[in-house]
$ cat upload-v1.csv   # CSV, C-alpha atoms and all ligand atoms
chain,number,residue,atom,x,y,z
P,24,MET,CA,-54.6,68.2,31.4
P,25,SER,CA,-53.6,70.6,34.2
P,26,LYS,CA,-54.3,74.3,34.0
P,27,THR,CA,-52.5,77.4,35.2
P,28,TRP,CA,-54.6,79.8,37.2
P,29,LEU,CA,-53.9,83.4,38.1
P,30,ILE,CA,-56.0,84.6,41.0
P,31,THR,CA,-56.1,88.1,42.5
P,32,GLY,CA,-56.8,88.7,46.2
P,33,ALA,CA,-55.8,85.1,47.2
P,34,SER,CA,-54.6,86.0,50.7
P,35,ARG,CA,-57.9,85.1,52.3
P,36,GLY,CA,-61.6,84.5,51.8
P,37,LEU,CA,-62.9,83.3,48.4
P,38,GLY,CA,-59.6,83.9,46.6
P,39,LEU,CA,-57.7,81.7,49.0
P,40,GLU,CA,-60.3,78.9,48.7
P,41,MET,CA,-60.3,79.0,44.9
P,42,ALA,CA,-56.5,78.8,45.0
P,43,ARG,CA,-56.6,75.9,47.4
P,44,ALA,CA,-59.2,74.1,45.3
P,45,ALA,CA,-57.3,74.5,42.1
P,46,LEU,CA,-54.1,73.2,43.8
P,47,ALA,CA,-56.0,70.2,45.2
P,48,ALA,CA,-57.2,69.5,41.6
P,49,GLY,CA,-53.6,69.2,40.5
P,50,ASP,CA,-53.4,72.6,38.7
P,51,ASN,CA,-50.8,75.3,38.8
P,52,VAL,CA,-51.7,78.5,40.7
P,53,VAL,CA,-50.3,82.0,40.6
P,54,ALA,CA,-51.8,83.4,43.8
P,55,THR,CA,-51.4,87.1,44.1
P,56,ALA,CA,-51.7,89.1,47.3
P,57,ARG,CA,-50.9,92.5,48.6
P,58,ASN,CA,-48.9,91.0,51.4
P,59,VAL,CA,-47.2,87.9,50.2
P,60,SER,CA,-45.6,86.9,53.5
P,61,SER,CA,-48.9,86.8,55.4
P,62,ALA,CA,-50.6,85.1,52.4
P,63,SER,CA,-47.9,82.4,52.4
P,64,ARG,CA,-48.9,81.4,55.9
P,65,ALA,CA,-52.4,80.6,54.6
P,66,PHE,CA,-51.1,78.0,52.2
P,67,THR,CA,-50.2,75.1,54.4
P,68,GLN,CA,-49.1,72.8,51.7
P,69,HIS,CA,-46.2,74.3,49.7
P,70,THR,CA,-45.7,72.9,46.3
P,71,ASP,CA,-43.8,73.9,43.1
P,72,ARG,CA,-47.3,74.3,41.5
P,73,LEU,CA,-47.9,77.4,43.6
P,74,LEU,CA,-46.3,80.8,42.8
P,75,LEU,CA,-47.1,83.5,45.3
P,76,THR,CA,-46.5,86.9,43.9
P,77,PRO,CA,-47.3,90.5,45.1
P,78,LEU,CA,-50.1,92.4,43.5
P,79,ASP,CA,-52.1,95.4,44.6
P,80,VAL,CA,-54.7,95.8,41.8
P,81,THR,CA,-54.6,99.6,42.2
P,82,ASP,CA,-51.0,99.7,41.2
P,83,PRO,CA,-50.9,100.4,37.4
P,84,ALA,CA,-47.5,98.8,36.9
P,85,ALA,CA,-48.1,95.6,38.9
P,86,PRO,CA,-50.2,93.4,36.6
P,87,GLN,CA,-47.7,93.2,33.9
P,88,ALA,CA,-45.0,92.0,36.3
P,89,VAL,CA,-47.3,89.3,37.6
P,90,VAL,CA,-48.1,88.1,34.1
P,91,ASP,CA,-44.5,88.0,33.1
P,92,ALA,CA,-43.7,86.0,36.3
P,93,ALA,CA,-46.6,83.6,35.6
P,94,LEU,CA,-45.5,82.9,32.0
P,95,ALA,CA,-41.8,82.5,33.0
P,96,ARG,CA,-42.8,79.9,35.6
P,97,PHE,CA,-45.6,78.0,33.9
P,98,GLY,CA,-45.6,79.0,30.2
P,99,THR,CA,-49.3,79.7,29.9
P,100,ILE,CA,-52.2,81.3,31.8
P,101,ASP,CA,-55.4,79.3,31.3
P,102,VAL,CA,-57.8,80.8,33.9
P,103,LEU,CA,-57.7,84.4,35.2
P,104,VAL,CA,-59.9,84.9,38.3
P,105,ASN,CA,-60.4,88.6,39.0
P,106,ASN,CA,-61.4,88.3,42.7
P,107,ALA,CA,-59.7,91.1,44.6
P,108,GLY,CA,-62.3,93.6,46.0
P,109,TYR,CA,-64.1,95.0,49.0
P,110,GLY,CA,-67.3,96.6,49.9
P,111,GLN,CA,-67.7,100.4,50.3
P,112,LEU,CA,-71.1,100.2,52.1
P,113,GLY,CA,-73.3,103.0,53.4
P,114,LEU,CA,-75.1,106.0,51.9
P,115,PHE,CA,-73.9,107.7,48.7
P,116,GLU,CA,-74.3,111.2,50.1
P,117,GLU,CA,-72.3,110.4,53.2
P,118,THR,CA,-69.4,108.9,51.2
P,119,PRO,CA,-66.3,111.1,50.7
P,120,GLU,CA,-65.1,111.5,47.1
P,121,ASP,CA,-61.8,109.7,47.9
P,122,ASP,CA,-63.7,106.6,49.1
P,123,ILE,CA,-65.8,106.6,45.9
P,124,GLN,CA,-62.7,106.7,43.7
P,125,ARG,CA,-61.0,104.0,45.8
P,126,GLN,CA,-64.0,101.6,45.5
P,127,LEU,CA,-64.1,102.0,41.7
P,128,GLU,CA,-60.3,101.9,41.4
P,129,THR,CA,-60.1,98.6,43.2
P,130,ASN,CA,-63.3,96.7,42.1
P,131,VAL,CA,-63.5,98.0,38.5
P,132,ASN,CA,-60.3,99.6,37.2
P,133,GLY,CA,-58.1,97.1,39.0
P,134,LEU,CA,-60.1,94.2,37.4
P,135,MET,CA,-59.9,95.8,33.9
P,136,ARG,CA,-56.1,96.5,34.3
P,137,MET,CA,-55.5,92.9,35.3
P,138,THR,CA,-57.6,91.6,32.3
P,139,ARG,CA,-55.7,93.9,29.9
P,140,ALA,CA,-52.3,92.6,31.1
P,141,VAL,CA,-53.4,88.9,30.6
P,142,LEU,CA,-55.2,89.2,27.3
P,143,PRO,CA,-52.1,89.2,24.9
P,144,ALA,CA,-51.1,85.8,26.3
P,145,LEU,CA,-54.7,84.4,26.0
P,146,ARG,CA,-55.0,85.8,22.4
P,147,ARG,CA,-51.7,84.2,21.4
P,148,GLN,CA,-52.9,80.9,22.9
P,149,ARG,CA,-56.4,81.3,21.3
P,150,SER,CA,-57.8,80.0,24.5
P,151,GLY,CA,-58.5,80.9,28.2
P,152,HIS,CA,-61.2,81.6,30.7
P,153,ILE,CA,-61.7,84.9,32.5
P,154,ILE,CA,-63.8,84.5,35.6
P,155,ASN,CA,-64.8,87.9,37.1
P,156,ILE,CA,-66.1,87.8,40.7
P,157,SER,CA,-69.1,90.2,40.7
P,158,SER,CA,-71.9,89.8,43.3
P,159,ILE,CA,-75.6,89.4,43.6
P,160,ALA,CA,-75.2,93.1,44.3
P,161,GLY,CA,-74.2,93.4,40.6
P,162,LEU,CA,-77.7,92.3,39.6
P,163,VAL,CA,-80.0,93.5,42.4
P,164,SER,CA,-80.1,96.6,44.6
P,165,PHE,CA,-79.6,96.5,48.4
P,166,ASP,CA,-80.0,99.1,51.1
P,167,PHE,CA,-76.7,101.0,51.8
P,168,CYS,CA,-75.0,99.4,48.9
P,169,THR,CA,-75.0,102.2,46.3
P,170,LEU,CA,-71.2,102.4,45.7
P,171,TYR,CA,-70.4,98.7,46.0
P,172,GLY,CA,-73.4,97.9,43.8
P,173,THR,CA,-72.3,100.5,41.2
P,174,SER,CA,-68.9,98.8,41.1
P,175,LYS,CA,-70.4,95.3,40.7
P,176,PHE,CA,-72.9,96.5,38.1
P,177,ALA,CA,-69.9,97.8,36.2
P,178,VAL,CA,-68.2,94.4,36.5
P,179,GLU,CA,-71.3,92.8,35.0
P,180,GLY,CA,-71.4,95.3,32.0
P,181,PHE,CA,-67.7,94.9,31.4
P,182,SER,CA,-67.9,91.1,31.5
P,183,VAL,CA,-70.8,90.5,29.1
P,184,ASN,CA,-69.4,93.0,26.5
P,185,LEU,CA,-65.9,91.7,26.8
P,186,ALA,CA,-67.2,88.2,26.2
P,187,ARG,CA,-68.2,89.4,22.7
P,188,ASP,CA,-64.8,90.9,22.0
P,189,LEU,CA,-63.1,87.7,22.9
P,190,ALA,CA,-65.4,85.0,21.5
P,191,PRO,CA,-63.6,84.9,18.1
P,192,PHE,CA,-60.4,83.9,19.9
P,193,GLY,CA,-61.9,81.0,21.8
P,194,ILE,CA,-61.5,83.0,25.1
P,195,LYS,CA,-64.5,82.4,27.5
P,196,VAL,CA,-65.8,84.9,30.1
P,197,THR,CA,-67.9,84.1,33.1
P,198,VAL,CA,-69.2,86.6,35.6
P,199,VAL,CA,-69.9,85.0,39.0
P,200,GLU,CA,-72.6,86.4,41.2
P,201,PRO,CA,-72.1,85.1,44.8
P,202,GLY,CA,-74.7,85.6,47.5
P,203,MET,CA,-73.4,86.1,51.0
P,204,PHE,CA,-70.3,84.0,51.8
P,205,ARG,CA,-68.6,83.6,55.2
P,206,THR,CA,-65.4,85.4,54.7
P,207,ASP,CA,-63.9,88.7,56.1
P,208,PHE,CA,-66.0,90.6,53.6
P,209,LEU,CA,-68.1,92.3,56.4
P,210,ASP,CA,-65.2,92.3,58.8
P,211,ASP,CA,-63.5,95.6,59.9
P,212,ARG,CA,-60.4,94.2,58.0
P,213,SER,CA,-62.3,94.6,54.7
P,214,VAL,CA,-65.5,96.5,54.7
P,215,ARG,CA,-65.7,100.3,54.8
P,216,PHE,CA,-68.7,102.3,55.8
P,217,SER,CA,-69.5,105.8,54.6
P,218,GLY,CA,-67.7,108.4,56.8
P,219,ASN,CA,-69.4,111.9,56.5
P,220,PRO,CA,-72.4,111.6,58.8
P,221,LEU,CA,-75.5,113.7,57.9
P,222,GLU,CA,-78.2,114.0,60.5
P,223,ASP,CA,-81.1,113.0,58.2
P,224,TYR,CA,-79.5,109.6,57.7
P,225,ALA,CA,-78.5,108.9,61.3
P,226,GLN,CA,-81.1,106.3,62.1
P,227,ALA,CA,-80.9,104.6,58.8
P,228,ARG,CA,-77.1,104.4,59.0
P,229,GLU,CA,-77.2,102.9,62.4
P,230,ASP,CA,-79.8,100.3,61.4
P,231,ALA,CA,-77.7,99.3,58.3
P,232,GLU,CA,-74.4,99.1,60.1
P,233,THR,CA,-76.0,96.9,62.8
P,234,LEU,CA,-77.6,94.7,60.1
P,235,TYR,CA,-74.4,94.2,58.2
P,236,LYS,CA,-72.3,93.7,61.3
P,237,ASN,CA,-74.8,91.0,62.5
P,238,PHE,CA,-74.1,89.1,59.3
P,239,ASN,CA,-70.4,89.2,59.8
P,240,HIS,CA,-69.0,85.6,59.8
P,241,GLN,CA,-72.6,84.3,59.9
P,242,GLN,CA,-73.2,84.3,56.2
P,243,LEU,CA,-74.9,81.2,54.5
P,244,GLY,CA,-72.3,80.6,51.9
P,245,ASP,CA,-69.3,78.2,52.4
P,246,PRO,CA,-66.1,79.5,50.8
P,247,VAL,CA,-64.7,76.0,50.5
P,248,LYS,CA,-67.7,74.9,48.4
P,249,PHE,CA,-67.3,78.1,46.5
P,250,GLY,CA,-63.7,77.1,45.6
P,251,ALA,CA,-64.9,73.7,44.5
P,252,ALA,CA,-67.7,75.2,42.3
P,253,ILE,CA,-65.2,77.5,40.5
P,254,VAL,CA,-62.9,74.6,39.8
P,255,GLU,CA,-65.9,72.8,38.3
P,256,LEU,CA,-66.8,75.9,36.3
P,257,ALA,CA,-63.2,76.1,34.9
P,258,ASN,CA,-63.4,72.4,33.8
P,259,THR,CA,-66.7,72.9,31.9
P,260,ALA,CA,-66.3,72.9,28.1
P,261,GLU,CA,-69.1,75.4,27.5
P,262,PRO,CA,-69.1,77.6,30.7
P,263,PRO,CA,-72.1,80.0,31.3
P,264,LEU,CA,-71.7,83.7,30.8
P,265,HIS,CA,-73.3,84.3,34.3
P,266,LEU,CA,-73.1,82.0,37.3
P,267,LEU,CA,-75.0,82.6,40.5
P,268,LEU,CA,-73.5,80.9,43.6
P,269,GLY,CA,-75.5,80.5,46.8
P,270,SER,CA,-79.2,79.7,47.3
P,271,ASP,CA,-79.7,83.2,48.6
P,272,ALA,CA,-78.4,84.7,45.3
P,273,LEU,CA,-80.5,82.3,43.3
P,274,LYS,CA,-83.7,83.4,45.1
P,275,MET,CA,-82.9,87.1,44.9
P,276,ALA,CA,-82.1,86.9,41.2
P,277,ARG,CA,-85.3,85.1,40.4
P,278,ASP,CA,-87.4,87.4,42.5
P,279,ASP,CA,-85.8,90.4,40.8
P,280,LEU,CA,-86.3,89.0,37.3
P,281,ALA,CA,-90.0,88.4,38.0
P,282,LEU,CA,-90.4,92.0,39.2
P,283,ARG,CA,-88.5,93.3,36.2
P,284,GLN,CA,-90.6,91.2,33.8
P,285,ALA,CA,-93.8,92.5,35.4
P,286,GLU,CA,-92.6,96.1,35.1
P,287,ILE,CA,-91.7,95.6,31.4
P,288,GLU,CA,-95.3,94.2,30.8
P,289,ARG,CA,-96.9,97.0,32.8
P,290,TRP,CA,-95.2,99.8,30.8
P,291,GLN,CA,-94.9,98.1,27.4
P,292,HIS,CA,-97.5,100.5,25.9
P,293,LEU,CA,-95.3,103.5,26.7
P,294,SER,CA,-92.1,101.6,25.8
P,295,ALA,CA,-93.4,100.7,22.4
P,296,SER,CA,-94.9,104.2,21.7
P,297,THR,CA,-91.7,106.0,20.5
P,298,ASP,CA,-90.9,104.4,17.1
P,299,HIS,CA,-91.3,106.2,13.8
P,300,THR,CA,-94.4,105.0,12.0
P,301,ASP,CA,-93.0,105.2,8.4
P,401,LIG,N1,-68.1,87.2,50.8
P,401,LIG,C1,-69.2,87.6,50.2
P,401,LIG,O1,-70.3,87.6,50.8
P,401,LIG,C2,-69.1,88.1,48.8
P,401,LIG,C3,-70.3,88.2,48.1
P,401,LIG,C4,-70.3,88.6,46.8
P,401,LIG,C5,-69.1,89.0,46.2
P,401,LIG,N2,-68.0,88.9,46.9
P,401,LIG,C6,-66.7,89.3,46.2
P,401,LIG,O2,-65.8,88.3,46.3
P,401,LIG,C7,-64.5,88.9,46.3
P,401,LIG,C8,-63.6,88.3,47.4
P,401,LIG,O3,-64.2,88.8,48.6
P,401,LIG,P1,-64.2,88.0,50.0
P,401,LIG,O4,-65.5,87.7,50.4
P,401,LIG,O5,-63.2,86.8,49.8
P,401,LIG,O6,-63.6,89.1,51.0
P,401,LIG,P2,-62.3,89.2,51.9
P,401,LIG,O7,-62.2,88.0,52.8
P,401,LIG,O8,-62.4,90.5,52.5
P,401,LIG,O9,-61.1,89.1,50.9
P,401,LIG,C9,-60.9,90.1,50.0
P,401,LIG,C10,-59.6,89.9,49.2
P,401,LIG,O10,-59.4,90.9,48.3
P,401,LIG,C11,-58.1,91.5,48.5
P,401,LIG,N3,-58.0,92.9,48.1
P,401,LIG,C12,-58.7,93.9,48.5
P,401,LIG,N4,-58.2,95.0,47.9
P,401,LIG,C13,-57.2,94.7,47.1
P,401,LIG,C14,-56.3,95.4,46.3
P,401,LIG,N5,-56.4,96.7,46.1
P,401,LIG,N6,-55.4,94.7,45.6
P,401,LIG,C15,-55.3,93.3,45.7
P,401,LIG,N7,-56.0,92.6,46.6
P,401,LIG,C16,-57.0,93.3,47.2
P,401,LIG,C17,-57.8,91.2,50.0
P,401,LIG,O11,-56.4,91.3,50.2
P,401,LIG,P3,-55.8,91.8,51.6
P,401,LIG,O12,-55.7,90.5,52.4
P,401,LIG,O13,-54.4,92.3,51.2
P,401,LIG,O14,-56.7,92.8,52.2
P,401,LIG,C18,-58.4,89.8,50.1
P,401,LIG,O15,-57.5,88.9,49.6
P,401,LIG,C19,-64.6,90.4,46.3
P,401,LIG,O16,-64.6,90.9,44.9
P,401,LIG,C20,-66.1,90.6,46.8
P,401,LIG,O17,-66.7,91.8,46.3
P,401,LIG,C21,-67.9,88.5,48.2
$ encode --input "upload-v1.csv" --output "structure tokens"
Amino acid sequence: MSKTWLITGASRGLGLEMARAALAAGDNVVATARNVSSASRAFTQHTDRLLLTPLDVTDPAAPQAVVDAALARFGTIDVLVNNAGYGQLGLFEETPEDDIQRQLETNVNGLMRMTRAVLPALRRQRSGHIINISSIAGLVSFDFCTLYGTSKFAVEGFSVNLARDLAPFGIKVTVVEPGMFRTDFLDDRSVRFSGNPLEDYAQAREDAETLYKNFNHQQLGDPVKFGAAIVELANTAEPPLHLLLGSDALKMARDDLALRQAEIERWQHLSASTDHTD
């Protein structure tokens, strides 16, 4: 049976490829974008199964209007993909307060706001699948990634706890941890670097910006295959709580888990020393 998807940040990159893959699978798609007219040029095949609607996830009033439009057009929402986001890269100390708030407002509050707007419909249906696009940077630390990493660690924490709230209603949650995918993520159109230079960090900042810029549009991951994998995920009867995508993410997660396990064992004598003995 065909599904109805609601996807945020569907103008380009992973969001666009997920929308295209869901349409190709015969599903209905509510594709949201900040600029609908430029997004509509990205969808070459126009069909009545596609509803393109404006959404900036930082606008508190916008999600409800999108949900209302989706339900009016298709009657249900089966899959919510919280994808909209960007990377605030660079050093914490060099990042202005406004940029910190903007990162959390988009990647965390925007995602929660969208989820809150969709939940009444999913609860009424007693079904649905919320797919939150986190990152390998939500599991593992990277250089010059403190704020983006903070936002994605928050998406991880939100997702795994939300899954418990929603399990009694038959609503599934999956948090997806992509590695590096070839989108505009590291392009000037999307990424933001910290803007208050401090002399102590000058060399480190230059090295990091060069490293990230060299990866721009050279990443290992294929967004078209990402879209196909998410469609497969949405068609799985018992979807996982976490899904790594990309062999780079797989390796980094495994290496990090091994280090974490070794650290737990190394410090277990102290960890286990604080219980009452009565
Ligand atoms: N590519 C990667 O390597 C990678 C890895 C791990 C995780 N991710 C995550 O995957 C998601 C998609 O990123 P991408 O790689 O596809 O990057 P992208 O090509 O830069 O696309 C980002 C999308 O998010 C939208 N967006 C940004 N801020 C928004 C806002 N306030 N409201 C609504 N939409 C907004 C953009 O819309 P506009 O066109 O209007 O700017 C665009 O559609 C993000 O959450 C990102 O953190 C990406």
$ residues_around --input "upload-v1.csv" --residues "Arg228 of chain P" --least-positions-apart "5" --cutoff "9 Å" --atoms "all atoms listed in the file" --output "PyMOL selection string"
chain P and resi 113-114+167+217+220+233
$ closest_atom_pairs --input "upload-v1.csv" --of "chain P" --to "ligand LIG 401 (chain P)" --cutoff "6 Å" --atoms "only C-alpha atoms and all ligand atoms" --output "Markdown table"
| residue | atom | partner | partner_atom | distance |
| --- | --- | --- | --- | --- |
| P:Gly32 | CA | P:LIG401 | O15 | 3.5 |
| P:Ala33 | CA | P:LIG401 | O15 | 4.8 |
| P:Ser34 | CA | P:LIG401 | O15 | 4.2 |
| P:Arg35 | CA | P:LIG401 | O15 | 4.7 |
| P:Gly36 | CA | P:LIG401 | O5 | 3.4 |
| P:Leu37 | CA | P:LIG401 | O5 | 3.8 |
| P:Gly38 | CA | P:LIG401 | O5 | 5.6 |
| P:Ala56 | CA | P:LIG401 | N7 | 5.6 |
| P:Arg57 | CA | P:LIG401 | O13 | 4.4 |
| P:Asn58 | CA | P:LIG401 | O13 | 5.7 |
| P:Leu78 | CA | P:LIG401 | C15 | 5.7 |
| P:Asp79 | CA | P:LIG401 | N6 | 3.5 |
| P:Val80 | CA | P:LIG401 | N6 | 4.0 |
| P:Thr81 | CA | P:LIG401 | N5 | 5.2 |
| P:Asn106 | CA | P:LIG401 | O16 | 4.7 |
| P:Ala107 | CA | P:LIG401 | O10 | 3.7 |
| P:Gly108 | CA | P:LIG401 | O16 | 3.7 |
| P:Tyr109 | CA | P:LIG401 | O17 | 4.9 |
| P:Thr129 | CA | P:LIG401 | N5 | 5.1 |
| P:Ile156 | CA | P:LIG401 | O16 | 5.4 |
| P:Ser157 | CA | P:LIG401 | C5 | 5.6 |
| P:Ser158 | CA | P:LIG401 | C4 | 4.0 |
| P:Pro201 | CA | P:LIG401 | C4 | 4.4 |
| P:Gly202 | CA | P:LIG401 | C3 | 5.1 |
| P:Met203 | CA | P:LIG401 | O1 | 3.4 |
| P:Phe204 | CA | P:LIG401 | O1 | 3.7 |
| P:Arg205 | CA | P:LIG401 | N1 | 5.7 |
| P:Thr206 | CA | P:LIG401 | O7 | 4.5 |
| P:Asp207 | CA | P:LIG401 | O7 | 3.8 |
| P:Phe208 | CA | P:LIG401 | O8 | 3.8 |
| P:Ser213 | CA | P:LIG401 | O8 | 4.7 |
$ closest_residue --input "upload-v1.csv" --among "P:Ala65, P:Leu189, P:Val90, P:Ile159" --to "Ala140 of chain P" --atoms "only C-alpha atoms"
P:Val90
$ atom_distance --input "upload-v1.csv" --atom1 "atom CA of Phe66 of chain P" --atom2 "atom CA of Ala47 of chain P"
11.6 Å
$ closest_residue --input "upload-v1.csv" --among "P:Ala272, P:Leu243, P:Leu112, P:Met41" --to "Gln126 of chain P" --atoms "only C-alpha atoms"
P:Leu112
$ closest_residue --input "upload-v1.csv" --among "P:Ser174, P:Gln242, P:Gln111, P:Gln87" --to "Asp211 of chain P" --atoms "all atoms listed in the file"
P:Gln111
$ residues_around --input "upload-v1.csv" --residues "Thr197 of chain P" --least-positions-apart "6" --cutoff "8 Å" --atoms "all atoms listed in the file" --output "ChimeraX atom specification"
/P:152-155,182,262-266
